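Peer 1: The structure follows.
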Amino acid sequence: MVKTIEYLDGVVRMIDQTRLPAETTFVDCKTIEDVGEAIRGMIIRGAPAIGVAAAMGISLGANAIDAADYGAFLAQLEQKCDRLGQARPTAVNLKWAIDRMLTVTKAHSHLPVSELKQRLKQEAMAIYHEDIATNEKMGGFGQSLIEDNSTILTHCNAGALATAGFGTALGVVRAAVNAGKNVRVLANETRPFLQGARLTAWELKEDNIPVKLITDNMCGHFMKKKEIDVVVVGADRIAANGDVANKIGTYMVAVMARQHGIPFYVAAPVSTLDLTLASGDAIPIEERSAEEVVTLNKQRIAPEGVDASHPAFDVTPNEFVTAIITERGIARPPYTESLKALAGQS
């Protein structure tokens, strides 16, 4: 697996996911502002990966602060974090990483500023390594739900590219393969940004895992023909009641899965839970540029002057979710109880 992101000497290097699969190129972010632009421009995307990038970006931002005392340092860092937090509003891992880095900053106010900067870099690297370990644990739990000779439908990209490594939904697929199970994947293309076609298909092909690409409107056809055994998707935010925000189109997949009696699983780390929200109705939905809808590979596919809408995410109500797979175990309904227990709030 190619490295999604790494922290080198004074640089956060990330694979440019807007260029895949045509070319494998990397972007070097030298400032926290560079990281924010990379998140906003989807050079890096996927909730866990955004969280890791944010933590590393905050370390870069801290290193750039010229302050002799802690108070001035904290004030400048909080300003930088406020701006970074506006990069993408739906993925809760962005806020989670910012909050964690600021908590560490405040817990170490006694350190000289130079040492505090080193401590923040250590925390960013801890978040990076924890994410990979989390995904591997999640995959272990999730693969227990996958039977041998299964065909798995997924939507968008919830693989190594969406995380620090291994993946969430595709981590379940990888873990099933590692357990010796024969599985294949149907990957939705995921219009309008084509993460399924460009990223998921590329990842699985690189790992020699059987994958077949289908358009988003083919799901019902293959479900009706009994050619899909299970659905596994990722998530960008999960409310306390188990409502799940994920890439636009996920809700339709969940409705069709329920209609055809197909299990619909969500794989996401505990850091993606937002138990402060009672339901998915309170999840902010990012509205992206209409240009991403009326163009394809930067070529216009709709008449000039035609209006378009582009909500980047939709919310799948909890009643359509069979189970939620985390690194701490598998949550099942009622989610208000099971998610709270996994988050350690019971």
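Residues in the structure tokens are numbered from 1 in each chain, the chains being A, B, ... in the order shown, and ligands are numbered from 1 in the order shown.
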Which residues of segment 201-309 of chain A come within 12 Å of segment 130-141 of chain A, and for each one, what is the closest pair of atoms and their distance in Å to one decimal, counting only C-alpha atoms, sorted by chain and residue number, as JSON lines?
Peer 2:
{"residue": "A:Val232", "atom": "CA", "partner": "A:Gly139", "partner_atom": "CA", "distance": 11.3}
{"residue": "A:Gly234", "atom": "CA", "partner": "A:Asn135", "partner_atom": "CA", "distance": 11.4}
{"residue": "A:Tyr265", "atom": "CA", "partner": "A:Phe141", "partner_atom": "CA", "distance": 11.7}
{"residue": "A:Val266", "atom": "CA", "partner": "A:Met138", "partner_atom": "CA", "distance": 10.8}
{"residue": "A:Ala267", "atom": "CA", "partner": "A:Met138", "partner_atom": "CA", "distance": 7.3}
{"residue": "A:Ala268", "atom": "CA", "partner": "A:Met138", "partner_atom": "CA", "distance": 7.8}
{"residue": "A:Pro269", "atom": "CA", "partner": "A:Thr134", "partner_atom": "CA", "distance": 6.9}
{"residue": "A:Val270", "atom": "CA", "partner": "A:Thr134", "partner_atom": "CA", "distance": 9.1}
{"residue": "A:Ser271", "atom": "CA", "partner": "A:Asp131", "partner_atom": "CA", "distance": 9.7}
{"residue": "A:Thr272", "atom": "CA", "partner": "A:Asp131", "partner_atom": "CA", "distance": 11.6}
Peer 1: Can you check which residues of segment 7-102 of chain A DSSP gives as alpha helix (DSSP H) on the backbone and send them as a ChimeraX atom specification?
Peer 2: /A:32-40,47-63,70-84,92-102
Peer 1: Between A:Ala47, A:Ala87, A:Ile15, A:Val173, which has the minimum distance to Leu273 of chain A (counting only C-alpha atoms)?
Peer 2: A:Ala47
Peer 1: Give me, as JSON lines, the closest atom pair and its distance (Å, one decimal) for every residue of segment 128-230 of chain A within a cut-off of 12 Å of segment 245-253 of chain A, counting only C-alpha atoms, rows sorted by chain and rising number.
Peer 2:
{"residue": "A:Leu153", "atom": "CA", "partner": "A:Val253", "partner_atom": "CA", "distance": 9.2}
{"residue": "A:Thr154", "atom": "CA", "partner": "A:Thr250", "partner_atom": "CA", "distance": 9.1}
{"residue": "A:His155", "atom": "CA", "partner": "A:Thr250", "partner_atom": "CA", "distance": 6.7}
{"residue": "A:Cys156", "atom": "CA", "partner": "A:Lys247", "partner_atom": "CA", "distance": 6.4}
{"residue": "A:Asn157", "atom": "CA", "partner": "A:Lys247", "partner_atom": "CA", "distance": 8.9}
{"residue": "A:Ala158", "atom": "CA", "partner": "A:Lys247", "partner_atom": "CA", "distance": 9.9}
{"residue": "A:Ala169", "atom": "CA", "partner": "A:Asn246", "partner_atom": "CA", "distance": 11.8}
{"residue": "A:Ala187", "atom": "CA", "partner": "A:Val253", "partner_atom": "CA", "distance": 11.9}
{"residue": "A:Asn188", "atom": "CA", "partner": "A:Gly249", "partner_atom": "CA", "distance": 9.5}
{"residue": "A:Glu189", "atom": "CA", "partner": "A:Gly249", "partner_atom": "CA", "distance": 10.5}
{"residue": "A:Thr190", "atom": "CA", "partner": "A:Gly249", "partner_atom": "CA", "distance": 7.4}
{"residue": "A:Arg191", "atom": "CA", "partner": "A:Ile248", "partner_atom": "CA", "distance": 8.3}
{"residue": "A:Pro192", "atom": "CA", "partner": "A:Ile248", "partner_atom": "CA", "distance": 9.0}
{"residue": "A:Phe193", "atom": "CA", "partner": "A:Lys247", "partner_atom": "CA", "distance": 10.1}
{"residue": "A:Leu194", "atom": "CA", "partner": "A:Lys247", "partner_atom": "CA", "distance": 10.8}
{"residue": "A:Gln195", "atom": "CA", "partner": "A:Lys247", "partner_atom": "CA", "distance": 9.5}
{"residue": "A:Gly196", "atom": "CA", "partner": "A:Lys247", "partner_atom": "CA", "distance": 10.6}
{"residue": "A:Thr215", "atom": "CA", "partner": "A:Gly249", "partner_atom": "CA", "distance": 11.3}
{"residue": "A:Asp216", "atom": "CA", "partner": "A:Gly249", "partner_atom": "CA", "distance": 7.7}
{"residue": "A:Asn217", "atom": "CA", "partner": "A:Val253", "partner_atom": "CA", "distance": 9.4}
{"residue": "A:Met218", "atom": "CA", "partner": "A:Val253", "partner_atom": "CA", "distance": 10.1}
{"residue": "A:Cys219", "atom": "CA", "partner": "A:Val253", "partner_atom": "CA", "distance": 7.0}
{"residue": "A:Gly220", "atom": "CA", "partner": "A:Val253", "partner_atom": "CA", "distance": 8.1}
{"residue": "A:His221", "atom": "CA", "partner": "A:Val253", "partner_atom": "CA", "distance": 11.6}
{"residue": "A:Phe222", "atom": "CA", "partner": "A:Val253", "partner_atom": "CA", "distance": 11.5}
{"residue": "A:Met223", "atom": "CA", "partner": "A:Val253", "partner_atom": "CA", "distance": 10.0}
{"residue": "A:Ile228", "atom": "CA", "partner": "A:Val253", "partner_atom": "CA", "distance": 11.6}
{"residue": "A:Val230", "atom": "CA", "partner": "A:Val253", "partner_atom": "CA", "distance": 11.2}
Peer 1: Next, the residues of the selection above should be written as a PDB file, in the first residue's frame with C-alpha atoms.
Peer 2:
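So the final result, stored in result_25.pdb, reads:
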ATOM      1  CA  LEU A 153     -20.482  -3.695  -2.226  1.00  0.00           C
ATOM      2  CA  THR A 154     -18.814  -0.482  -1.101  1.00  0.00           C
ATOM      3  CA  HIS A 155     -19.358   3.186  -1.857  1.00  0.00           C
ATOM      4  CA  CYS A 156     -16.818   6.000  -2.175  1.00  0.00           C
ATOM      5  CA  ASN A 157     -13.334   5.227  -0.831  1.00  0.00           C
ATOM      6  CA  ALA A 158     -12.858   4.078   2.744  1.00  0.00           C
ATOM      7  CA  ALA A 169     -14.432  -0.383   5.021  1.00  0.00           C
ATOM      8  CA  ALA A 187     -17.186  -0.636  -6.183  1.00  0.00           C
ATOM      9  CA  ASN A 188     -19.642   2.145  -6.887  1.00  0.00           C
ATOM     10  CA  GLU A 189     -18.049   4.832  -9.072  1.00  0.00           C
ATOM     11  CA  THR A 190     -19.317   7.507  -6.618  1.00  0.00           C
ATOM     12  CA  ARG A 191     -20.323  10.512  -8.667  1.00  0.00           C
ATOM     13  CA  PRO A 192     -19.567  13.332  -8.890  1.00  0.00           C
ATOM     14  CA  PHE A 193     -15.970  13.075  -7.603  1.00  0.00           C
ATOM     15  CA  LEU A 194     -15.530   9.416  -8.622  1.00  0.00           C
ATOM     16  CA  GLN A 195     -13.714   8.238  -5.495  1.00  0.00           C
ATOM     17  CA  GLY A 196     -14.896   4.687  -6.116  1.00  0.00           C
ATOM     18  CA  THR A 215     -22.011   2.908 -11.807  1.00  0.00           C
ATOM     19  CA  ASP A 216     -23.932   4.211  -8.812  1.00  0.00           C
ATOM     20  CA  ASN A 217     -27.311   3.460 -10.422  1.00  0.00           C
ATOM     21  CA  MET A 218     -26.519  -0.243 -10.912  1.00  0.00           C
ATOM     22  CA  CYS A 219     -26.768  -1.235  -7.233  1.00  0.00           C
ATOM     23  CA  GLY A 220     -30.430  -2.190  -7.294  1.00  0.00           C
ATOM     24  CA  HIS A 221     -29.909  -4.336 -10.391  1.00  0.00           C
ATOM     25  CA  PHE A 222     -27.143  -6.390  -8.804  1.00  0.00           C
ATOM     26  CA  MET A 223     -28.980  -6.670  -5.484  1.00  0.00           C
ATOM     27  CA  ILE A 228     -24.333  -8.734  -3.591  1.00  0.00           C
ATOM     28  CA  VAL A 230     -23.096  -7.552   2.060  1.00  0.00           C
TER      29      VAL A 230
END
Peer 1: Leaving out Asn182 of chain A and any residue of its chain fewer than 4 positions from it, which residues lie within 9 Å of it when counting only C-alpha atoms, given as a ChimeraX atom specification?
Peer 2: /A:147-150,176-177
Peer 1: Restricted to all heavy atoms, what would the selected residues look like written as a short mmCIF file (atom, residue, chain, number, x, y, z; two decimals), in the first residue's frame?
Peer 2:
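Output below, filename out-v4.cif:
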data_model
loop_
_atom_site.label_atom_id
_atom_site.label_comp_id
_atom_site.auth_asym_id
_atom_site.auth_seq_id
_atom_site.Cartn_x
_atom_site.Cartn_y
_atom_site.Cartn_z
N GLU A 147 -18.63 -13.66 5.28
CA GLU A 147 -18.52 -15.09 5.01
C GLU A 147 -17.62 -15.34 3.80
O GLU A 147 -17.43 -14.47 2.95
CB GLU A 147 -19.92 -15.68 4.75
CG GLU A 147 -20.84 -15.61 5.97
CD GLU A 147 -22.17 -16.28 5.71
OE1 GLU A 147 -22.35 -16.85 4.61
OE2 GLU A 147 -23.03 -16.23 6.61
N ASP A 148 -17.07 -16.53 3.76
CA ASP A 148 -16.24 -16.92 2.62
C ASP A 148 -17.06 -16.87 1.34
O ASP A 148 -18.28 -17.12 1.35
CB ASP A 148 -15.69 -18.33 2.85
CG ASP A 148 -14.56 -18.68 1.90
OD1 ASP A 148 -13.96 -17.75 1.31
OD2 ASP A 148 -14.26 -19.88 1.75
N ASN A 149 -16.41 -16.51 0.25
CA ASN A 149 -17.04 -16.42 -1.08
C ASN A 149 -18.11 -15.33 -1.16
O ASN A 149 -19.09 -15.47 -1.88
CB ASN A 149 -17.63 -17.78 -1.48
CG ASN A 149 -16.57 -18.86 -1.59
OD1 ASN A 149 -15.53 -18.65 -2.20
ND2 ASN A 149 -16.83 -20.01 -0.97
N SER A 150 -17.90 -14.24 -0.42
CA SER A 150 -18.84 -13.13 -0.42
C SER A 150 -18.49 -12.09 -1.48
O SER A 150 -17.31 -11.87 -1.78
CB SER A 150 -18.87 -12.44 0.94
OG SER A 150 -19.48 -13.24 1.92
N ALA A 176 -10.45 -9.68 5.78
CA ALA A 176 -11.10 -10.91 5.33
C ALA A 176 -10.17 -11.69 4.41
O ALA A 176 -10.04 -12.93 4.52
CB ALA A 176 -12.41 -10.59 4.61
N VAL A 177 -9.48 -10.98 3.51
CA VAL A 177 -8.52 -11.64 2.61
C VAL A 177 -7.37 -12.22 3.42
O VAL A 177 -6.93 -13.36 3.19
CB VAL A 177 -7.99 -10.63 1.57
CG1 VAL A 177 -6.83 -11.24 0.78
CG2 VAL A 177 -9.12 -10.21 0.63
#
